[in-house]
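Enquirer: Contents of coords39.txt (compact mmCIF, C-alpha atoms) are below:
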# COMPACT_ATOMS: atom_id res chain seq x y z
CA MET A 340 -47.00 8.13 1.00
CA ILE A 341 -47.38 4.45 1.81
CA ALA A 342 -46.97 3.52 -1.85
CA TRP A 343 -43.80 5.65 -2.10
CA ALA A 344 -42.39 4.01 1.01
CA ARG A 345 -42.97 0.57 -0.44
CA ARG A 346 -41.47 1.39 -3.84
CA THR A 347 -38.61 3.79 -3.05
CA GLY A 348 -38.61 4.73 0.62
CA TRP A 349 -37.02 1.51 1.85
CA ARG A 350 -34.13 2.06 -0.54
CA HIS A 351 -33.42 5.47 0.96
CA ALA A 352 -33.65 4.00 4.44
CA ALA A 353 -31.23 1.20 3.53
CA GLY A 354 -28.85 3.73 1.98
CA LEU A 355 -28.90 5.96 5.05
CA LEU A 356 -28.30 2.95 7.29
CA ALA A 357 -25.31 1.88 5.19
CA VAL A 358 -23.87 5.41 5.29
CA ALA A 359 -24.31 5.61 9.06
CA PHE A 360 -22.69 2.19 9.47
CA SER A 361 -19.72 3.27 7.34
CA LEU A 362 -19.24 6.67 8.97
CA PHE A 363 -19.54 5.51 12.59
CA PRO A 364 -15.92 4.24 12.92
CA ILE A 365 -14.57 7.45 11.38
CA VAL A 366 -16.68 9.64 13.66
CA PHE A 367 -15.62 7.56 16.67
CA VAL A 368 -11.90 7.92 15.81
CA VAL A 369 -12.24 11.68 15.26
CA SER A 370 -14.13 12.00 18.54
CA ALA A 371 -11.46 10.04 20.43
CA ALA A 372 -8.70 12.15 18.87
CA LEU A 373 -10.40 15.36 20.04
CA ASN A 374 -11.26 14.02 23.50
CA PRO A 375 -9.08 15.92 26.02
CA LEU A 376 -8.98 12.98 28.44
CA GLY A 377 -7.40 10.76 25.77
CA SER A 378 -8.44 7.40 27.20
CA LEU A 379 -10.59 4.65 25.75
CA SER A 380 -12.93 4.46 28.72
CA SER A 381 -13.71 8.21 28.52
CA THR A 382 -14.33 8.31 24.76
CA GLN A 383 -17.74 9.62 23.75
CA LEU A 384 -19.33 10.08 20.36
CA ILE A 385 -19.58 13.82 21.03
CA PRO A 386 -16.64 14.79 23.29
CA GLN A 387 -16.93 17.61 25.79
CA ALA A 388 -14.37 20.43 25.64
CA ALA A 389 -12.81 19.04 22.49
CA GLY A 390 -9.27 20.15 21.74
CA LEU A 391 -5.97 19.30 20.06
CA GLY A 392 -4.21 18.13 23.21
CA ASN A 393 -3.77 14.57 21.95
CA LEU A 394 -2.16 15.86 18.76
CA LYS A 395 0.30 18.00 20.74
CA ASP A 396 1.15 15.09 23.04
CA LEU A 397 1.67 12.87 20.02
CA PHE A 398 4.40 15.13 18.64
CA SER A 399 5.97 16.03 21.99
CA LYS A 400 5.92 12.72 23.86
CA THR A 401 6.64 10.28 21.01
CA ALA A 402 8.92 10.05 17.95
CA PHE A 403 5.92 10.43 15.65
CA PRO A 404 7.71 12.73 13.14
CA HIS A 405 10.40 10.06 12.63
CA TRP A 406 7.74 7.37 12.22
CA TYR A 407 5.89 9.52 9.69
CA LEU A 408 8.99 10.24 7.62
CA ASN A 409 10.14 6.61 7.74
CA SER A 410 6.75 5.33 6.58
CA ILE A 411 6.49 7.77 3.66
CA LEU A 412 10.04 7.04 2.50
CA ILE A 413 9.74 3.27 2.82
CA ALA A 414 6.27 3.06 1.27
CA GLY A 415 7.05 5.55 -1.51
CA ILE A 416 10.39 4.08 -2.57
CA ALA A 417 9.17 0.49 -2.22
CA ALA A 418 6.08 1.26 -4.34
CA VAL A 419 8.04 3.00 -7.11
CA ALA A 420 10.84 0.44 -7.18
CA GLY A 421 8.37 -2.44 -7.01
CA VAL A 422 6.37 -1.09 -9.95
CA PHE A 423 9.50 -0.55 -12.06
CA LEU A 424 10.99 -3.98 -11.40
CA SER A 425 7.63 -5.70 -11.81
CA ILE A 426 6.90 -4.08 -15.18
CA LEU A 427 10.34 -5.10 -16.42
CA ALA A 428 9.72 -8.72 -15.43
CA ALA A 429 6.15 -8.64 -16.76
CA TYR A 430 7.33 -7.26 -20.11
CA ALA A 431 9.86 -10.06 -20.44
CA PHE A 432 7.30 -12.75 -19.59
CA SER A 433 4.66 -11.23 -21.87
CA ARG A 434 6.67 -10.33 -24.96
CA MET A 435 9.67 -12.67 -25.00
CA ARG A 436 9.96 -16.42 -25.36
CA PHE A 437 12.85 -18.05 -23.52
CA LYS A 438 13.72 -21.30 -21.80
CA GLY A 439 12.21 -21.54 -18.31
CA ARG A 440 9.53 -18.94 -18.98
CA ARG A 441 6.60 -21.17 -18.04
CA VAL A 442 8.43 -22.61 -15.03
CA GLY A 443 9.22 -19.10 -13.83
CA LEU A 444 5.59 -17.98 -14.11
CA VAL A 445 4.30 -21.04 -12.28
CA SER A 446 6.97 -20.64 -9.60
CA LEU A 447 5.93 -17.04 -8.98
CA LEU A 448 2.32 -18.14 -8.64
CA LEU A 449 3.12 -20.98 -6.24
CA ILE A 450 5.32 -18.80 -4.05
CA GLN A 451 2.49 -16.31 -3.60
CA MET A 452 0.31 -19.04 -2.09
CA PHE A 453 2.45 -19.02 1.06
CA PRO A 454 2.18 -15.99 3.36
CA GLN A 455 5.43 -14.10 3.75
CA PHE A 456 5.06 -14.19 7.52
CA LEU A 457 5.66 -17.97 7.48
CA SER A 458 9.31 -17.27 6.67
CA VAL A 459 9.77 -14.55 9.29
CA VAL A 460 12.30 -16.60 11.31
CA THR A 461 14.41 -17.30 8.22
CA ILE A 462 14.17 -13.67 7.10
CA TYR A 463 15.24 -12.52 10.57
CA LEU A 464 18.30 -14.78 10.58
CA ILE A 465 19.28 -13.79 7.03
CA PHE A 466 19.13 -10.06 7.69
CA ALA A 467 20.85 -10.49 11.06
CA ALA A 468 23.76 -12.15 9.25
CA VAL A 469 23.73 -9.63 6.40
CA GLY A 470 23.76 -6.79 8.90
CA ASP A 471 27.14 -7.96 10.21
CA TYR A 472 28.70 -7.24 6.80
CA TYR A 473 26.38 -4.50 5.47
CA PRO A 474 24.81 -2.71 8.46
CA ALA A 475 22.84 -0.33 6.20
CA ILE A 476 20.54 -3.16 5.04
CA GLY A 477 20.49 -5.22 8.21
CA LEU A 478 17.99 -5.43 11.03
CA ASP A 479 16.53 -2.22 12.42
CA ARG A 480 17.31 -0.37 9.17
CA PRO A 481 14.66 1.08 6.82
CA TRP A 482 16.63 0.03 3.72
CA GLY A 483 16.61 -3.60 4.78
CA LEU A 484 12.86 -3.49 5.38
CA MET A 485 12.46 -1.90 1.94
CA LEU A 486 14.25 -4.84 0.30
CA LEU A 487 12.00 -7.22 2.20
CA TYR A 488 8.87 -5.51 0.91
CA LEU A 489 10.21 -5.56 -2.65
CA GLY A 490 10.76 -9.28 -2.53
CA GLY A 491 7.25 -9.93 -1.28
CA ALA A 492 5.52 -7.72 -3.85
CA LEU A 493 7.34 -8.65 -7.06
CA GLY A 494 5.49 -11.93 -7.60
CA VAL A 495 1.90 -10.72 -7.47
CA ASN A 496 2.74 -7.45 -9.24
CA THR A 497 4.46 -9.30 -12.07
CA TRP A 498 1.45 -11.54 -12.63
CA LEU A 499 -0.94 -8.59 -12.48
CA MET A 500 1.04 -6.55 -15.01
CA LYS A 501 1.74 -9.51 -17.25
CA GLY A 502 -1.98 -10.10 -17.68
CA PHE A 503 -2.47 -6.43 -18.57
CA LEU A 504 0.44 -6.43 -21.04
CA ASP A 505 -1.04 -9.47 -22.81
CA THR A 506 -4.00 -7.28 -23.83
CA VAL A 507 -1.73 -4.78 -25.62
CA PRO A 508 -1.53 -5.75 -29.33
CA LYS A 509 1.87 -7.12 -30.31
CA GLU A 510 1.43 -5.49 -33.73
CA LEU A 511 2.45 -2.21 -32.10
CA ASP A 512 5.81 -3.72 -31.17
CA GLU A 513 6.27 -5.12 -34.67
CA SER A 514 5.50 -1.73 -36.22
CA ALA A 515 8.05 -0.08 -33.93
CA VAL A 516 10.66 -2.70 -34.88
CA ILE A 517 10.08 -1.97 -38.57
CA ASP A 518 10.65 1.71 -37.82
CA GLY A 519 14.02 0.80 -36.28
CA ALA A 520 13.13 0.98 -32.56
CA SER A 521 15.10 -1.06 -30.05
CA HIS A 522 13.60 -3.13 -27.22
CA ALA A 523 14.26 -0.28 -24.77
CA GLN A 524 12.60 2.28 -27.05
CA ILE A 525 9.58 0.00 -27.55
CA PHE A 526 9.29 -0.52 -23.82
CA PHE A 527 9.58 3.12 -22.72
CA ARG A 528 7.95 4.93 -25.66
CA VAL A 529 5.29 2.49 -26.87
CA THR A 530 4.34 0.07 -24.09
CA LEU A 531 4.58 2.14 -20.91
CA PRO A 532 2.21 4.92 -22.04
CA LEU A 533 -0.41 2.27 -22.85
CA VAL A 534 -0.21 0.52 -19.47
CA THR A 535 -0.29 3.64 -17.27
CA PRO A 536 -3.53 2.56 -15.49
CA ILE A 537 -2.06 -0.71 -14.23
CA LEU A 538 1.10 1.11 -13.11
CA ALA A 539 -1.01 3.57 -11.12
CA VAL A 540 -3.15 0.83 -9.57
CA THR A 541 -0.12 -1.27 -8.63
CA ALA A 542 1.69 1.72 -7.14
CA LEU A 543 -1.38 2.67 -5.11
CA LEU A 544 -1.89 -0.86 -3.78
CA GLY A 545 1.81 -1.20 -3.00
CA PHE A 546 1.88 2.11 -1.13
CA ILE A 547 -1.22 1.29 0.92
CA GLY A 548 -0.05 -2.24 1.73
CA THR A 549 3.42 -1.07 2.78
CA ILE A 550 2.39 1.90 4.91
CA ASN A 551 -0.17 -0.25 6.79
CA GLU A 552 2.03 -3.35 7.25
CA VAL A 553 2.83 -4.04 10.89
CA LEU A 554 3.72 -7.72 11.41
CA LEU A 555 7.05 -7.89 9.56
CA ALA A 556 7.96 -4.31 10.44
CA ASN A 557 7.39 -5.02 14.13
CA VAL A 558 9.84 -7.94 13.96
CA PHE A 559 12.33 -6.04 11.83
CA LEU A 560 12.46 -2.62 13.54
CA HIS A 561 13.32 -2.06 17.21
CA SER A 562 14.76 1.40 17.84
CA ASP A 563 12.24 4.19 18.29
CA ASP A 564 13.63 6.42 15.53
CA ALA A 565 13.60 3.59 12.96
CA LYS A 566 9.98 2.53 13.48
CA THR A 567 7.23 3.10 10.96
CA LEU A 568 3.81 4.55 11.71
CA ALA A 569 2.19 1.13 12.00
CA VAL A 570 4.81 -0.16 14.44
CA GLY A 571 4.96 3.03 16.48
CA LEU A 572 1.20 3.40 16.84
CA TYR A 573 0.82 -0.29 17.66
CA GLY A 574 3.41 0.03 20.42
CA MET A 575 1.43 2.90 21.96
CA VAL A 576 -1.65 0.76 22.57
CA ALA A 577 -0.09 -2.69 22.91
CA GLU A 578 0.28 -2.37 26.70
CA GLN A 579 -1.47 0.92 27.58
CA ARG A 580 -4.49 0.90 25.31
CA ASN A 581 -6.68 2.90 27.65
CA ALA A 582 -4.15 5.63 28.44
CA ASN A 583 -2.83 6.35 24.93
CA PHE A 584 -6.00 5.81 22.93
CA GLY A 585 -6.49 9.50 22.16
CA MET A 586 -2.97 9.89 20.76
CA PHE A 587 -3.39 6.64 18.85
CA CYS A 588 -6.53 7.93 17.12
CA ALA A 589 -4.86 11.26 16.32
CA GLY A 590 -1.95 9.40 14.74
CA SER A 591 -4.33 7.15 12.81
CA LEU A 592 -6.03 10.17 11.25
CA LEU A 593 -2.67 11.62 10.18
CA THR A 594 -1.65 8.25 8.78
CA ALA A 595 -4.52 8.43 6.32
CA VAL A 596 -3.26 11.70 4.81
CA PRO A 597 -0.43 10.23 2.63
CA THR A 598 -2.75 7.54 1.30
CA VAL A 599 -5.40 10.09 0.32
CA VAL A 600 -2.77 12.29 -1.35
CA VAL A 601 -1.33 9.39 -3.35
CA PHE A 602 -4.83 8.33 -4.41
CA GLN A 603 -5.68 11.86 -5.57
CA VAL A 604 -2.44 12.08 -7.55
CA LEU A 605 -2.92 8.71 -9.27
CA GLN A 606 -6.68 8.95 -9.69
CA ARG A 607 -6.55 10.84 -12.99
CA TYR A 608 -4.26 8.22 -14.52
CA ILE A 609 -6.62 5.42 -13.47
CA VAL A 610 -9.73 7.23 -14.71
CA SER A 611 -8.10 8.31 -17.99
CA GLY A 612 -7.00 4.76 -18.66
CA LEU A 613 -10.47 3.39 -18.01
CA THR A 614 -12.17 5.98 -20.21
CA THR A 615 -9.61 5.50 -22.98
CA GLY A 616 -10.17 1.74 -22.93
CA ALA A 617 -13.91 2.27 -23.13
CA VAL A 618 -13.65 4.19 -26.44
CA LYS A 619 -13.89 1.73 -29.29
CA GLY A 620 -11.96 2.29 -32.50
In structure tokens, write the structure found in this file.
Expert:
Amino acid sequence: MIAWARRTGWRHAAGLLAVAFSLFPIVFVVSAALNPLGSLSSTQLIPQAAGLGNLKDLFSKTAFPHWYLNSILIAGIAAVAGVFLSILAAYAFSRMRFKGRRVGLVSLLLIQMFPQFLSVVTIYLIFAAVGDYYPAIGLDRPWGLMLLYLGGALGVNTWLMKGFLDTVPKELDESAVIDGASHAQIFFRVTLPLVTPILAVTALLGFIGTINEVLLANVFLHSDDAKTLAVGLYGMVAEQRNANFGMFCAGSLLTAVPTVVVFQVLQRYIVSGLTTGAVKG
């Protein structure tokens, strides 16, 4: 027994400790969401008389359904549009040679070194002015926030996809050209099926980053019906953390559902791409 503990037992103990450390925040949030008192000071690891009162209050006392719908629409459309625009730019930088190509790549890299939040004042003034002429994409509008997210994600996504496209043999493009394929046919029928894993990864990261973003969205959105989940839930605990903690935890658990669904949908594309790349010849 002592010999087993020295050789293997400590590994099991370390593993159990790591699992307990990882699961504790999740258990705490679930416990707080089921706590009928709904306050931070009354939260216990095992709540007494657990119920769904916080969930009912979340839907009846707040605009949570609007926040949920806004977040899914903004994150979903921004992720899909960002992936499409990024792969177009990455394909041009990877496969074509044109004047300003190197300057453009270096510029994209340098711009990504500065956090987007540094330009929040400029962004606010720009969209405030744009909103006077085109209210649909101005301040306090989901479409305007969507454009803002697209601009911030294009740089890093383009570099990520460009590096992946560089690993695809150019001989495939040349063979397609010999067969009479156009650039559009090569892109959609030859290249895209080969880079499905990076498209799935980029879409997943873009969706997660957008649905969890709170700083820019908090500056951009003001009306209750236009808020996203991150902004709405943050506003619930910004001034009354103790009173609304139960509803906040219930909303946090529901916020994780879209991310899990998107991951499950894209998981097979990621895994299939990895296993295909591992097969030699």
Enquirer: Env of Phe526 in chain A: 10 Å cut, atoms = all atoms listed in the file, seq-sep filter 6 positions within chain, self excluded. Answer as a PyMOL selection string.
Expert: chain A and resi 426-427+430+512+520+532
Enquirer: Counting all atoms listed in the file, which residue out of A:Arg440, A:His561, A:Lys566, A:Arg434 sits closest to Glu513 in chain A?
Expert: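 When distances to Glu513 in chain A are compared using all atoms listed in the file, the smallest one comes from A:Arg434.
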Enquirer: Could you pull the residues within 12 Å of Phe456 in chain A, counting all atoms listed in the file, minus those fewer than 3 positions along the same chain, as a PDB file with C-alpha atoms, in the coordinates of the input?
Expert:
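And here is the file that came out, out04.pdb:
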ATOM      1  CA  GLN A 451       2.490 -16.310  -3.600  1.00  0.00           C
ATOM      2  CA  MET A 452       0.310 -19.040  -2.090  1.00  0.00           C
ATOM      3  CA  PHE A 453       2.450 -19.020   1.060  1.00  0.00           C
ATOM      4  CA  VAL A 459       9.770 -14.550   9.290  1.00  0.00           C
ATOM      5  CA  VAL A 460      12.300 -16.600  11.310  1.00  0.00           C
ATOM      6  CA  THR A 461      14.410 -17.300   8.220  1.00  0.00           C
ATOM      7  CA  ILE A 462      14.170 -13.670   7.100  1.00  0.00           C
ATOM      8  CA  TYR A 463      15.240 -12.520  10.570  1.00  0.00           C
ATOM      9  CA  LEU A 487      12.000  -7.220   2.200  1.00  0.00           C
ATOM     10  CA  TYR A 488       8.870  -5.510   0.910  1.00  0.00           C
ATOM     11  CA  GLY A 491       7.250  -9.930  -1.280  1.00  0.00           C
ATOM     12  CA  GLU A 552       2.030  -3.350   7.250  1.00  0.00           C
ATOM     13  CA  VAL A 553       2.830  -4.040  10.890  1.00  0.00           C
ATOM     14  CA  LEU A 554       3.720  -7.720  11.410  1.00  0.00           C
ATOM     15  CA  LEU A 555       7.050  -7.890   9.560  1.00  0.00           C
ATOM     16  CA  ALA A 556       7.960  -4.310  10.440  1.00  0.00           C
ATOM     17  CA  ASN A 557       7.390  -5.020  14.130  1.00  0.00           C
ATOM     18  CA  VAL A 558       9.840  -7.940  13.960  1.00  0.00           C
ATOM     19  CA  PHE A 559      12.330  -6.040  11.830  1.00  0.00           C
TER      20      PHE A 559
END
Enquirer: Quick one: residues within 7 Å of Ser410 in chain A, all atoms listed in the file, excluding same-chain residues fewer than 5 positions away - as a list in words?
Expert: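 Final neighbour list, sorted by chain and number: Ile550, Thr567 and Leu568 of chain A.
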Enquirer: When you draw a straight line from CA of Pro404 in chain A to CA of Ala569 in chain A, how long is it in Å?
Expert: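 Taking CA of Pro404 in chain A as the start and CA of Ala569 in chain A as the end point, the length is 12.9 Å.
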Enquirer: Around the point (18.5, -3.1, 14.9) (coordinates from the file), which residues reach within 12 Å if we count all atoms listed in the file? Answer as JSON, numbers by chain.
Expert: {"A": [463, 466, 467, 468, 469, 470, 471, 474, 475, 476, 477, 478, 479, 480, 481, 482, 483, 484, 556, 557, 558, 559, 560, 561, 562, 563, 564, 565, 566]}
Enquirer: Store the residues of this selection in a file with C-alpha atoms, as a short mmCIF file (atom, residue, chain, number, x, y, z; two decimals), in the frame of the given file.
Expert:
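See out_12.cif below for the written result:
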data_model
loop_
_atom_site.label_atom_id
_atom_site.label_comp_id
_atom_site.auth_asym_id
_atom_site.auth_seq_id
_atom_site.Cartn_x
_atom_site.Cartn_y
_atom_site.Cartn_z
CA TYR A 463 15.24 -12.52 10.57
CA PHE A 466 19.13 -10.06 7.69
CA ALA A 467 20.85 -10.49 11.06
CA ALA A 468 23.76 -12.15 9.25
CA VAL A 469 23.73 -9.63 6.40
CA GLY A 470 23.76 -6.79 8.90
CA ASP A 471 27.14 -7.96 10.21
CA PRO A 474 24.81 -2.71 8.46
CA ALA A 475 22.84 -0.33 6.20
CA ILE A 476 20.54 -3.16 5.04
CA GLY A 477 20.49 -5.22 8.21
CA LEU A 478 17.99 -5.43 11.03
CA ASP A 479 16.53 -2.22 12.42
CA ARG A 480 17.31 -0.37 9.17
CA PRO A 481 14.66 1.08 6.82
CA TRP A 482 16.63 0.03 3.72
CA GLY A 483 16.61 -3.60 4.78
CA LEU A 484 12.86 -3.49 5.38
CA ALA A 556 7.96 -4.31 10.44
CA ASN A 557 7.39 -5.02 14.13
CA VAL A 558 9.84 -7.94 13.96
CA PHE A 559 12.33 -6.04 11.83
CA LEU A 560 12.46 -2.62 13.54
CA HIS A 561 13.32 -2.06 17.21
CA SER A 562 14.76 1.40 17.84
CA ASP A 563 12.24 4.19 18.29
CA ASP A 564 13.63 6.42 15.53
CA ALA A 565 13.60 3.59 12.96
CA LYS A 566 9.98 2.53 13.48
#
Enquirer: CA of Val540 in chain A and CA of Gln606 in chain A, how far apart in Å?
Expert: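 We find that CA of Gln606 in chain A and CA of Val540 in chain A lie 8.9 Å from each other.
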Enquirer: When you draw a straight line from CA of Asp396 in chain A to CA of Ala582 in chain A, how long is it in Å?
Expert: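 CA of Ala582 in chain A lies 12.1 Å from CA of Asp396 in chain A.
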Enquirer: Using the incomplete input, complete range 551-562 of chain A to the level of all heavy atoms; output as a PDB file, in the coordinates of the input.
Expert:
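Wrote out_18.pdb, looks like this:
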ATOM      1  N   ASN A 551       0.690   0.341   5.763  1.00  0.00           N
ATOM      2  CA  ASN A 551      -0.170  -0.250   6.790  1.00  0.00           C
ATOM      3  C   ASN A 551       0.390  -1.557   7.361  1.00  0.00           C
ATOM      4  O   ASN A 551      -0.194  -2.104   8.303  1.00  0.00           O
ATOM      5  CB  ASN A 551      -1.566  -0.527   6.225  1.00  0.00           C
ATOM      6  CG  ASN A 551      -2.321   0.744   5.917  1.00  0.00           C
ATOM      7  OD1 ASN A 551      -2.128   1.766   6.573  1.00  0.00           O
ATOM      8  ND2 ASN A 551      -3.188   0.701   4.917  1.00  0.00           N
ATOM      9  N   GLU A 552       1.490  -2.059   6.803  1.00  0.00           N
ATOM     10  CA  GLU A 552       2.030  -3.350   7.250  1.00  0.00           C
ATOM     11  C   GLU A 552       2.654  -3.216   8.635  1.00  0.00           C
ATOM     12  O   GLU A 552       3.424  -2.292   8.899  1.00  0.00           O
ATOM     13  CB  GLU A 552       3.074  -3.841   6.246  1.00  0.00           C
ATOM     14  CG  GLU A 552       3.326  -5.333   6.299  1.00  0.00           C
ATOM     15  CD  GLU A 552       4.234  -5.725   7.435  1.00  0.00           C
ATOM     16  OE1 GLU A 552       5.170  -4.950   7.740  1.00  0.00           O
ATOM     17  OE2 GLU A 552       4.018  -6.795   8.027  1.00  0.00           O
ATOM     18  N   VAL A 553       2.345  -4.141   9.520  1.00  0.00           N
ATOM     19  CA  VAL A 553       2.830  -4.040  10.890  1.00  0.00           C
ATOM     20  C   VAL A 553       3.538  -5.299  11.376  1.00  0.00           C
ATOM     21  O   VAL A 553       4.449  -5.213  12.209  1.00  0.00           O
ATOM     22  CB  VAL A 553       1.656  -3.709  11.850  1.00  0.00           C
ATOM     23  CG1 VAL A 553       0.621  -4.820  11.848  1.00  0.00           C
ATOM     24  CG2 VAL A 553       2.143  -3.430  13.251  1.00  0.00           C
ATOM     25  N   LEU A 554       3.178  -6.484  10.869  1.00  0.00           N
ATOM     26  CA  LEU A 554       3.720  -7.720  11.410  1.00  0.00           C
ATOM     27  C   LEU A 554       5.226  -7.837  11.151  1.00  0.00           C
ATOM     28  O   LEU A 554       6.024  -7.989  12.087  1.00  0.00           O
ATOM     29  CB  LEU A 554       2.983  -8.926  10.815  1.00  0.00           C
ATOM     30  CG  LEU A 554       1.507  -9.056  11.200  1.00  0.00           C
ATOM     31  CD1 LEU A 554       0.873 -10.240  10.489  1.00  0.00           C
ATOM     32  CD2 LEU A 554       1.360  -9.189  12.706  1.00  0.00           C
ATOM     33  N   LEU A 555       5.639  -7.776   9.885  1.00  0.00           N
ATOM     34  CA  LEU A 555       7.050  -7.890   9.560  1.00  0.00           C
ATOM     35  C   LEU A 555       7.836  -6.688  10.077  1.00  0.00           C
ATOM     36  O   LEU A 555       8.966  -6.840  10.557  1.00  0.00           O
ATOM     37  CB  LEU A 555       7.231  -8.036   8.051  1.00  0.00           C
ATOM     38  CG  LEU A 555       6.728  -9.341   7.424  1.00  0.00           C
ATOM     39  CD1 LEU A 555       6.865  -9.300   5.915  1.00  0.00           C
ATOM     40  CD2 LEU A 555       7.492 -10.529   7.983  1.00  0.00           C
ATOM     41  N   ALA A 556       7.261  -5.506   9.964  1.00  0.00           N
ATOM     42  CA  ALA A 556       7.960  -4.310  10.440  1.00  0.00           C
ATOM     43  C   ALA A 556       8.182  -4.357  11.946  1.00  0.00           C
ATOM     44  O   ALA A 556       9.215  -3.904  12.448  1.00  0.00           O
ATOM     45  CB  ALA A 556       7.164  -3.061  10.062  1.00  0.00           C
ATOM     46  N   ASN A 557       7.245  -4.926  12.676  1.00  0.00           N
ATOM     47  CA  ASN A 557       7.390  -5.020  14.130  1.00  0.00           C
ATOM     48  C   ASN A 557       8.511  -5.973  14.519  1.00  0.00           C
ATOM     49  O   ASN A 557       9.177  -5.776  15.536  1.00  0.00           O
ATOM     50  CB  ASN A 557       6.065  -5.484  14.741  1.00  0.00           C
ATOM     51  CG  ASN A 557       6.042  -5.322  16.245  1.00  0.00           C
ATOM     52  OD1 ASN A 557       6.589  -4.366  16.789  1.00  0.00           O
ATOM     53  ND2 ASN A 557       5.416  -6.266  16.929  1.00  0.00           N
ATOM     54  N   VAL A 558       8.735  -7.006  13.712  1.00  0.00           N
ATOM     55  CA  VAL A 558       9.840  -7.940  13.960  1.00  0.00           C
ATOM     56  C   VAL A 558      11.165  -7.333  13.525  1.00  0.00           C
ATOM     57  O   VAL A 558      12.208  -7.561  14.141  1.00  0.00           O
ATOM     58  CB  VAL A 558       9.583  -9.270  13.215  1.00  0.00           C
ATOM     59  CG1 VAL A 558      10.773 -10.211  13.350  1.00  0.00           C
ATOM     60  CG2 VAL A 558       8.328  -9.939  13.756  1.00  0.00           C
ATOM     61  N   PHE A 559      11.118  -6.537  12.466  1.00  0.00           N
ATOM     62  CA  PHE A 559      12.330  -6.040  11.830  1.00  0.00           C
ATOM     63  C   PHE A 559      12.893  -4.795  12.522  1.00  0.00           C
ATOM     64  O   PHE A 559      14.106  -4.631  12.629  1.00  0.00           O
ATOM     65  CB  PHE A 559      12.011  -5.702  10.369  1.00  0.00           C
ATOM     66  CG  PHE A 559      13.170  -5.878   9.448  1.00  0.00           C
ATOM     67  CD1 PHE A 559      13.435  -7.107   8.877  1.00  0.00           C
ATOM     68  CD2 PHE A 559      13.993  -4.813   9.142  1.00  0.00           C
ATOM     69  CE1 PHE A 559      14.509  -7.269   8.018  1.00  0.00           C
ATOM     70  CE2 PHE A 559      15.062  -4.967   8.283  1.00  0.00           C
ATOM     71  CZ  PHE A 559      15.319  -6.195   7.717  1.00  0.00           C
ATOM     72  N   LEU A 560      12.028  -3.905  12.991  1.00  0.00           N
ATOM     73  CA  LEU A 560      12.460  -2.620  13.540  1.00  0.00           C
ATOM     74  C   LEU A 560      12.308  -2.609  15.058  1.00  0.00           C
ATOM     75  O   LEU A 560      11.291  -3.049  15.586  1.00  0.00           O
ATOM     76  CB  LEU A 560      11.619  -1.484  12.932  1.00  0.00           C
ATOM     77  CG  LEU A 560      11.622  -1.384  11.402  1.00  0.00           C
ATOM     78  CD1 LEU A 560      10.672  -0.304  10.933  1.00  0.00           C
ATOM     79  CD2 LEU A 560      13.030  -1.112  10.880  1.00  0.00           C
ATOM     80  N   HIS A 561      13.332  -2.072  15.745  1.00  0.00           N
ATOM     81  CA  HIS A 561      13.320  -2.060  17.210  1.00  0.00           C
ATOM     82  C   HIS A 561      13.532  -0.671  17.782  1.00  0.00           C
ATOM     83  O   HIS A 561      12.832  -0.272  18.715  1.00  0.00           O
ATOM     84  CB  HIS A 561      14.403  -3.009  17.746  1.00  0.00           C
ATOM     85  CG  HIS A 561      14.276  -4.417  17.260  1.00  0.00           C
ATOM     86  ND1 HIS A 561      13.266  -5.254  17.670  1.00  0.00           N
ATOM     87  CD2 HIS A 561      15.013  -5.134  16.363  1.00  0.00           C
ATOM     88  CE1 HIS A 561      13.393  -6.438  17.078  1.00  0.00           C
ATOM     89  NE2 HIS A 561      14.444  -6.386  16.270  1.00  0.00           N
ATOM     90  N   SER A 562      14.498   0.075  17.288  1.00  0.00           N
ATOM     91  CA  SER A 562      14.760   1.400  17.840  1.00  0.00           C
ATOM     92  C   SER A 562      13.619   2.357  17.516  1.00  0.00           C
ATOM     93  O   SER A 562      12.959   2.240  16.480  1.00  0.00           O
ATOM     94  CB  SER A 562      16.079   1.960  17.278  1.00  0.00           C
ATOM     95  OG  SER A 562      16.013   2.085  15.872  1.00  0.00           O
TER      96      SER A 562
END
